[in-house]
Every structure is written in structure tokens, then in C-alpha cells.
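So this one's run-v2.cif, mmCIF, C-alpha atoms and all ligand atoms:
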data_entry
loop_
_atom_site.label_atom_id
_atom_site.label_comp_id
_atom_site.auth_asym_id
_atom_site.auth_seq_id
_atom_site.Cartn_x
_atom_site.Cartn_y
_atom_site.Cartn_z
CA MET A 1 16.20 -6.45 -7.20
CA THR A 2 14.03 -7.69 -4.38
CA LEU A 3 10.30 -7.28 -4.36
CA ASP A 4 8.96 -4.97 -1.65
CA VAL A 5 6.00 -6.42 0.22
CA LYS A 6 3.73 -4.17 2.24
CA ILE A 7 1.23 -5.67 4.64
CA CYS A 8 -1.39 -3.01 5.16
CA GLY A 9 -4.07 -2.40 7.75
CA LEU A 10 -2.17 -3.78 10.73
CA SER A 11 -3.50 -2.68 14.09
CA THR A 12 -2.12 -5.00 16.77
CA ALA A 13 1.33 -5.83 18.10
CA GLU A 14 0.78 -9.54 17.41
CA THR A 15 -0.04 -9.10 13.73
CA LEU A 16 2.67 -6.47 13.27
CA GLU A 17 5.18 -8.98 14.62
CA ALA A 18 3.78 -11.69 12.34
CA ALA A 19 4.15 -9.45 9.28
CA ILE A 20 7.72 -8.46 10.10
CA ALA A 21 8.74 -12.02 11.00
CA ALA A 22 7.27 -13.30 7.72
CA GLY A 23 9.32 -10.81 5.72
CA ALA A 24 7.31 -7.61 5.20
CA SER A 25 9.51 -4.77 3.99
CA HIS A 26 6.74 -2.25 4.67
CA VAL A 27 3.94 -2.24 7.23
CA GLY A 28 0.86 -0.06 6.78
CA PHE A 29 -1.31 1.62 9.40
CA VAL A 30 -4.61 3.11 8.23
CA HIS A 31 -5.94 6.36 9.71
CA PHE A 32 -9.42 6.68 8.26
CA ALA A 33 -12.29 6.56 10.74
CA PRO A 34 -14.80 4.57 8.61
CA SER A 35 -12.31 1.74 8.12
CA PRO A 36 -12.34 -1.41 10.27
CA ARG A 37 -8.54 -0.99 10.20
CA HIS A 38 -8.56 2.57 11.57
CA VAL A 39 -5.84 3.29 14.14
CA GLU A 40 -5.77 6.44 16.26
CA LEU A 41 -2.47 8.28 16.48
CA PRO A 42 -1.49 7.31 20.06
CA ALA A 43 -1.91 3.59 19.27
CA MET A 44 -0.13 4.10 15.96
CA LYS A 45 2.82 5.67 17.75
CA VAL A 46 3.14 2.54 19.91
CA LEU A 47 3.05 0.27 16.85
CA ARG A 48 5.50 2.50 15.02
CA GLU A 49 7.96 2.34 17.91
CA ARG A 50 7.57 -1.41 18.04
CA ALA A 51 8.36 -1.73 14.33
CA ALA A 52 11.44 0.47 14.84
CA ASP A 53 13.73 -0.01 11.84
CA ARG A 54 12.69 -3.62 11.11
CA ALA A 55 10.27 -2.52 8.38
CA ARG A 56 9.38 0.79 6.76
CA VAL A 57 6.30 2.27 8.40
CA VAL A 58 3.67 3.58 5.98
CA VAL A 59 0.71 5.61 7.24
CA VAL A 60 -2.32 5.49 4.96
CA LEU A 61 -4.40 8.67 4.80
CA VAL A 62 -7.39 9.86 2.79
CA ASP A 63 -7.29 13.55 1.81
CA PRO A 64 -5.52 14.60 5.02
CA ASP A 65 -5.49 18.24 6.08
CA ASP A 66 -2.31 19.99 7.16
CA GLY A 67 -3.18 19.74 10.84
CA LEU A 68 -3.35 15.94 10.67
CA LEU A 69 -0.10 15.79 8.69
CA ASP A 70 1.68 17.92 11.30
CA ARG A 71 0.42 15.74 14.17
CA LEU A 72 1.37 12.55 12.36
CA VAL A 73 4.89 13.66 11.65
CA ALA A 74 5.40 14.90 15.21
CA GLU A 75 3.74 11.98 17.02
CA VAL A 76 4.17 8.90 14.80
CA ARG A 77 7.23 9.73 12.69
CA PRO A 78 6.37 7.43 9.76
CA ASP A 79 8.85 6.53 7.04
CA TRP A 80 6.28 6.98 4.26
CA LEU A 81 2.87 8.47 3.70
CA GLN A 82 0.36 6.75 1.45
CA LEU A 83 -2.28 9.06 0.03
CA HIS A 84 -5.40 7.09 -0.82
CA GLY A 85 -7.89 9.86 -1.53
CA LYS A 86 -8.44 12.31 -4.36
CA GLU A 87 -5.13 14.13 -3.87
CA THR A 88 -4.02 15.98 -6.99
CA PRO A 89 -0.36 16.01 -8.12
CA GLU A 90 -0.14 19.54 -6.66
CA ARG A 91 -1.42 18.30 -3.29
CA VAL A 92 1.02 15.37 -3.34
CA ALA A 93 3.88 17.83 -3.93
CA ALA A 94 2.60 20.06 -1.10
CA VAL A 95 2.35 17.08 1.30
CA LYS A 96 5.91 16.05 0.46
CA ALA A 97 7.20 19.58 1.00
CA ARG A 98 5.33 20.01 4.28
CA THR A 99 6.26 16.68 5.83
CA GLY A 100 9.63 15.96 4.26
CA LEU A 101 8.43 12.37 3.75
CA PRO A 102 8.27 10.24 0.63
CA VAL A 103 4.75 9.76 -0.68
CA MET A 104 3.15 6.72 -2.23
CA LYS A 105 0.10 7.85 -4.22
CA ALA A 106 -2.69 5.32 -4.65
CA LEU A 107 -4.54 5.37 -7.96
CA SER A 108 -7.55 3.28 -8.93
CA VAL A 109 -7.38 1.35 -12.16
CA SER A 110 -9.79 -1.01 -13.82
CA ALA A 111 -9.39 -0.34 -17.53
CA PRO A 112 -6.52 0.67 -19.86
CA GLU A 113 -7.84 4.26 -20.07
CA ASP A 114 -7.34 4.68 -16.32
CA LEU A 115 -3.59 4.37 -16.81
CA SER A 116 -3.33 7.81 -18.44
CA ALA A 117 -3.96 9.39 -15.00
CA LEU A 118 -0.61 8.02 -13.82
CA GLN A 119 1.45 10.36 -15.96
CA ALA A 120 0.60 13.47 -13.96
CA TYR A 121 2.11 11.91 -10.84
CA ARG A 122 5.42 10.88 -12.40
CA GLY A 123 8.25 12.88 -10.92
CA VAL A 124 5.91 14.00 -8.12
CA ALA A 125 4.98 10.89 -6.13
CA ASP A 126 7.90 8.74 -5.02
CA ARG A 127 5.94 5.64 -5.86
CA LEU A 128 2.52 4.76 -7.24
CA LEU A 129 0.24 2.13 -5.75
CA LEU A 130 -2.21 0.73 -8.25
CA ASP A 131 -5.39 -0.46 -6.59
CA SER A 132 -8.85 -1.51 -7.70
CA LYS A 133 -11.73 0.89 -7.96
CA ARG A 134 -14.01 1.18 -4.97
CA PRO A 135 -16.92 -1.23 -5.41
CA LYS A 136 -20.43 0.26 -5.36
CA GLY A 137 -21.68 0.56 -1.80
CA SER A 138 -18.25 0.60 -0.16
CA VAL A 139 -17.25 3.63 1.90
CA LEU A 140 -13.59 2.66 1.67
CA PRO A 141 -11.29 3.90 -1.08
CA GLY A 142 -8.99 0.93 -0.34
CA GLY A 143 -8.96 -2.33 1.54
CA ASN A 144 -11.92 -3.72 -0.39
CA GLY A 145 -10.39 -7.06 -1.31
CA VAL A 146 -11.16 -6.65 -5.00
CA SER A 147 -8.60 -7.32 -7.70
CA PHE A 148 -8.52 -5.88 -11.22
CA ASP A 149 -7.46 -7.31 -14.55
CA TRP A 150 -3.67 -7.25 -14.19
CA ARG A 151 -3.28 -7.72 -17.94
CA ILE A 152 -4.01 -4.01 -18.49
CA LEU A 153 -0.65 -3.27 -16.83
CA SER A 154 1.15 -4.58 -19.90
CA GLU A 155 0.49 -1.06 -21.28
CA LEU A 156 2.75 0.49 -18.65
CA ASP A 157 6.26 1.77 -19.13
CA PRO A 158 8.40 -1.16 -17.90
CA GLY A 159 10.49 1.31 -15.88
CA LEU A 160 7.55 2.52 -13.81
CA ASP A 161 8.05 2.08 -10.07
CA TYR A 162 4.70 0.86 -8.82
CA VAL A 163 3.18 -1.33 -6.13
CA LEU A 164 0.46 -3.77 -7.13
CA SER A 165 -2.51 -3.82 -4.82
CA GLY A 166 -6.12 -4.89 -4.62
CA GLY A 167 -7.48 -8.27 -3.56
CA LEU A 168 -4.15 -10.08 -3.30
CA HIS A 169 -4.12 -13.28 -1.25
CA VAL A 170 -2.33 -16.61 -1.00
CA GLY A 171 -4.32 -18.06 -3.88
CA ASN A 172 -3.62 -15.40 -6.51
CA VAL A 173 -0.31 -13.74 -5.70
CA ALA A 174 1.76 -16.06 -7.88
CA GLU A 175 -0.57 -15.42 -10.82
CA ALA A 176 -0.37 -11.66 -10.21
CA LEU A 177 3.42 -11.81 -10.43
CA ARG A 178 3.25 -13.94 -13.55
CA ILE A 179 1.23 -11.25 -15.30
CA ALA A 180 2.39 -7.94 -13.80
CA ARG A 181 5.86 -6.51 -13.21
CA PRO A 182 5.53 -4.52 -10.00
CA ARG A 183 8.31 -3.17 -7.79
CA GLY A 184 6.23 -4.15 -4.81
CA LEU A 185 3.07 -5.85 -3.61
CA ASP A 186 0.51 -4.70 -1.09
CA ALA A 187 -2.03 -6.94 0.63
CA SER A 188 -4.59 -6.34 3.32
CA SER A 189 -8.07 -7.85 3.54
CA GLY A 190 -7.01 -11.10 1.85
CA LEU A 191 -4.93 -11.76 4.96
CA GLU A 192 -7.80 -11.31 7.40
CA SER A 193 -10.15 -13.70 9.21
CA ALA A 194 -12.77 -10.92 9.53
CA PRO A 195 -12.83 -7.27 8.42
CA GLY A 196 -9.93 -5.54 10.16
CA VAL A 197 -8.68 -8.71 11.86
CA LYS A 198 -5.36 -9.81 10.39
CA ASP A 199 -4.61 -13.52 10.60
CA PRO A 200 -0.95 -14.38 11.34
CA ALA A 201 -1.35 -17.77 9.62
CA ARG A 202 -2.63 -16.14 6.42
CA ILE A 203 0.23 -13.64 6.53
CA ARG A 204 2.74 -16.48 6.75
CA SER A 205 1.02 -18.43 3.96
CA PHE A 206 1.13 -15.35 1.73
CA PHE A 207 4.90 -15.12 2.08
CA ASP A 208 5.24 -18.87 1.58
CA ALA A 209 3.32 -18.54 -1.68
CA LEU A 210 5.57 -15.67 -2.70
CA ALA A 211 8.67 -17.69 -1.96
CA ARG A 212 7.38 -20.44 -4.25
CA ALA A 213 6.35 -18.05 -7.03
CA PRO A 214 8.62 -17.91 -10.07
CA VAL A 215 9.26 -14.16 -9.84
CA ALA A 216 9.65 -12.60 -13.25
CA HIS A 217 9.27 -8.94 -12.35
CA ALA A 218 11.64 -6.49 -13.95
CA ALA A 219 13.97 -4.15 -12.12
CA PRO A 220 12.74 -0.64 -12.83
CA GLU A 221 15.14 1.33 -14.97
CA GLU A 222 14.01 4.56 -13.41
CA ALA A 223 12.32 5.47 -10.19
CA LEU A 224 9.64 8.14 -10.13
CA SER A 225 11.90 10.38 -8.09
CA PRO A 226 14.91 9.86 -5.81
O1 LIG A 301 -7.60 -0.77 4.25
C1 LIG A 301 -8.41 0.13 4.44
O2 LIG A 301 -9.38 -0.01 5.20
C2 LIG A 301 -8.24 1.44 3.75
C3 LIG A 301 -9.13 2.45 4.02
C4 LIG A 301 -9.01 3.68 3.40
C5 LIG A 301 -7.99 3.89 2.51
C6 LIG A 301 -7.09 2.89 2.21
C7 LIG A 301 -7.19 1.66 2.82
N1 LIG A 301 -6.30 0.64 2.52
C8 LIG A 301 -5.17 0.89 1.70
C9 LIG A 301 -4.29 -0.20 1.28
O3 LIG A 301 -3.13 0.05 0.99
C10 LIG A 301 -4.79 -1.59 1.02
O4 LIG A 301 -3.79 -2.49 1.36
C11 LIG A 301 -5.11 -1.73 -0.46
O5 LIG A 301 -6.20 -0.92 -0.77
C12 LIG A 301 -5.44 -3.18 -0.83
O6 LIG A 301 -6.44 -3.67 -0.03
P1 LIG A 301 -7.01 -5.16 -0.27
O7 LIG A 301 -7.72 -5.15 -1.56
O8 LIG A 301 -7.90 -5.38 0.88
O9 LIG A 301 -5.82 -6.09 -0.25
#
Output the structure of this file as C-alpha cells.
Ligand SMILES: O=C(O)c1ccccc1NCC(=O)[C@H](O)[C@H](O)COP(=O)(O)O
Amino acid sequence: MTLDVKICGLSTAETLEAAIAAGASHVGFVHFAPSPRHVELPAMKVLRERAADRARVVVVLVDPDDGLLDRLVAEVRPDWLQLHGKETPERVAAVKARTGLPVMKALSVSAPEDLSALQAYRGVADRLLLDSKRPKGSVLPGGNGVSFDWRILSELDPGLDYVLSGGLHVGNVAEALRIARPRGLDASSGLESAPGVKDPARIRSFFDALARAPVAHAAPEEALSP
């Protein structure tokens, strides 16, 4: 079982190429106007076509309405949607039905009691992405560069198909994998030289660190859904 690695918040051809060349299985484009990583749909379409089938293209949205979903599917044709807002399990199911796309649902965790919220999404979301809570003062639900205490994940069902996210960078990714057992990793601001500016050298170093990490993650016995 290989570990999926998503590099999120890409917005230029150069950094998209760096992520794919380094080994990203998934590349993420954020469509959320307050974010320094925001990409409008015409530019996203160009990046998506450039990625082609070399990596799975994930579009990150925050509480999207149906009109935006329809435009995205028609214009960008992503492989996945990542819902990073307050979408309920019912809304996740409706988004899947409307778009025909698999959905990764982001959930914020910082304490063991937060993990109970995951259950409602099992069998609904195709994958969960566990991220840190939004720090006070931030307008962004994700991409804040803050990690959480990965030890709380020892409470999880070992078969849970989830992506670990939040504040990952070259200096902590090996430790994250020593503690958690994710199906995938997601990194964004830890690979930037300034907010929204991905650094090809940091992307390469991240994958180098991963290659050196003694990976002990378990193969999930069950996926959330096919
Ligand atoms: O990255 C953003 O600016 C963003 C804005 C709004 C919603 C989600 C966003 N990012 C989603 C991601 O998947 C990030 O990679 C994830 O939150 C981890 O970010 P970081 O802690 O910076 O590695």
C-alpha cells in the first residue's frame, strides 16, 4: 500500500510541475477568494489540463453552492472535490450525487472528542481529511500551517481511510508518520516561501524526507466507500 501525498494550494505551472515531478499523487487547487492560494476557474482549467493524468486533481471548496459545482465540473473537470467548510453529511451526499465526483471531506480535530464527528461521514464521504482547527483570527478554514496532537488519532478505527493534514513540513513529516497511520498526507503552507507562494525546493525536500521516513502506516482494511 503506497501512501498518497497531496500537495495543496498550487497555483502556478512551475510549482505544479515541481509537485508532480517530486511524486505527488494528488494536486490541490483552492477556490476560496480570501485565500492567498485562491485560483479562479479559467486559470484552474489551464492547470488541470497541464496536470492531465499525471496526478489526481483535487479542487478545494468551502460551502460551495450548486452553481459553482456545475461550473467547476463543466469547466475544470476535477478528479476529486475537497469540501473544507461546514458541509453536513447530507450536503456531502448531495454534492456527490450532483457532480458524480468522489468527495474528500475535511474535518477539524484538536482533541479526542472531536473524533466522534467523523462517524456521521463514514459511508458518505469517499475519504476524510483530518486538519487542525482554524486558529483565532484566521479567515481560512484550512492552509493555516498549524498541526495538532497526532497522538489523539490512536483512538481511530485502524481501517479508517483518512488523509493527515495540518502544518506538515520537511521537519515533522517523519514524526507524523511515526505516530499516525494515515492513508495519505496533505501539505500546503509548510512548503511555501511566503503565503500562497509554493517553493519547489521545499516540495522536493518534503518528498526526500518522506523517502527517508520509516513508514509504518497500516493498509486500511476498509475504505469509506468504493
Ligand atoms: O489552503 C488554503 O488557503 C485553504 C483555504 C480554504 C480552505 C482550505 C484550504 N486549504 C486546504 C488544504 O487542504 C490544506 O492543504 C490543509 O488545510 C493543510 O494546510 P497546511 O496546514 O497549510 O499544510
Could you please extract the residues within 7 Å of ligand LIG 301 (chain A), counting all atoms listed in the file, and hand them back as number ranges by chain?
A: 7-9, 30, 32, 35-38, 60-62, 84, 131, 140-147, 165-168, 186-190
Set the distance at 9 Å and use only C-alpha atoms: which residues neighbour A:Arg71 once local chain neighbours fewer than 5 positions away are removed? I'd like the list as a VMD selection string.
chain A and resid 41 66 76
If you keep C-alpha atoms, can you produce a file of those selected residues as a PDB file, keeping the file's coordinate frame?
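out11.pdb, written as the output of this step:
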ATOM      1  CA  LEU A  41      -2.470   8.280  16.480  1.00  0.00           C
ATOM      2  CA  ASP A  66      -2.310  19.990   7.160  1.00  0.00           C
ATOM      3  CA  VAL A  76       4.170   8.900  14.800  1.00  0.00           C
TER       4      VAL A  76
END
Would you please work out which residue, of A:Ala120, A:Ala24, A:Leu153, A:Leu16, is nearest to A:Phe207 when using only C-alpha atoms?
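Nearest to A:Phe207: A:Ala24.
Of the residues under consideration (A:Ala55, A:Ala33, A:Met104, A:Ala111), A:Met104 shows the shortest atom-to-atom contact distance to A:Ala125 when counting all atoms listed in the file.
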Residues near stretch 198-206 of chain A, cut-off 7 Å, all atoms listed in the file, skip fewer than 3 positions along chain, as a PyMOL selection string
chain A and resi 10+15+18-19+22+169-170+191-193+209-210
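In this structure, atom CA of A:Ala106 sits 5.9 Å away from atom CA of A:Leu130.
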What is the atom CA of A:Arg77-atom CA of A:Gly123 distance in Å, reported with one decimal?
23.8 Å
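For the pair atom CA of A:Arg183 and atom CA of A:Val57, the interatomic distance is 17.2 Å.
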Tell me, as a PDB file with C-alpha atoms, in the frame of the given file, which residues lie within 10 Å of A:Glu87, counting only C-alpha atoms; anything in the same chain fewer than 5 positions away does not count.
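Final output, selection-v9.pdb:
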ATOM      1  CA  VAL A  62      -7.390   9.860   2.790  1.00  0.00           C
ATOM      2  CA  ASP A  63      -7.290  13.550   1.810  1.00  0.00           C
ATOM      3  CA  PRO A  64      -5.520  14.600   5.020  1.00  0.00           C
ATOM      4  CA  VAL A  92       1.020  15.370  -3.340  1.00  0.00           C
ATOM      5  CA  ALA A  93       3.880  17.830  -3.930  1.00  0.00           C
ATOM      6  CA  VAL A  95       2.350  17.080   1.300  1.00  0.00           C
ATOM      7  CA  LYS A 105       0.100   7.850  -4.220  1.00  0.00           C
ATOM      8  CA  ALA A 106      -2.690   5.320  -4.650  1.00  0.00           C
ATOM      9  CA  LEU A 107      -4.540   5.370  -7.960  1.00  0.00           C
TER      10      LEU A 107
END
So, with all atoms listed in the file as the atoms that count, which of A:Leu156, A:Met44, A:Val139, A:Leu101 lies closest to A:Leu115?
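Going through A:Leu156, A:Met44, A:Val139, A:Leu101 one by one, the smallest distance to A:Leu115 is for A:Leu156.
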Option closest in space to A:Ala211, from A:Val163, A:Ala174, A:Leu118, A:Ala194 [counting all atoms listed in the file]:
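Checking each candidate against A:Ala211, we get A:Ala174 as the closest.
If you count all atoms listed in the file and ignore residues fewer than 5 places along the chain from A:Val73, what sits within 12 Å of it is Leu41, Met44, Lys45, Arg48, Val57, Val58, Val59, Asp66, Gly67, Leu68, Pro78, Asp79, Trp80, Leu81, Val95, Lys96, Arg98, Thr99, Gly100 and Leu101 of chain A.
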Please tell me which residues are no farther than 8 Å from (5.6, -3.7, 18.2) in the file, counting all atoms listed in the file, and write them as a list in words.
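All residues meeting the 8 Å criterion around (5.6, -3.7, 18.2) are Thr12, Ala13, Glu14, Leu16, Glu17, Val46, Leu47, Arg48, Glu49, Arg50, Ala51 and Ala52 of chain A.
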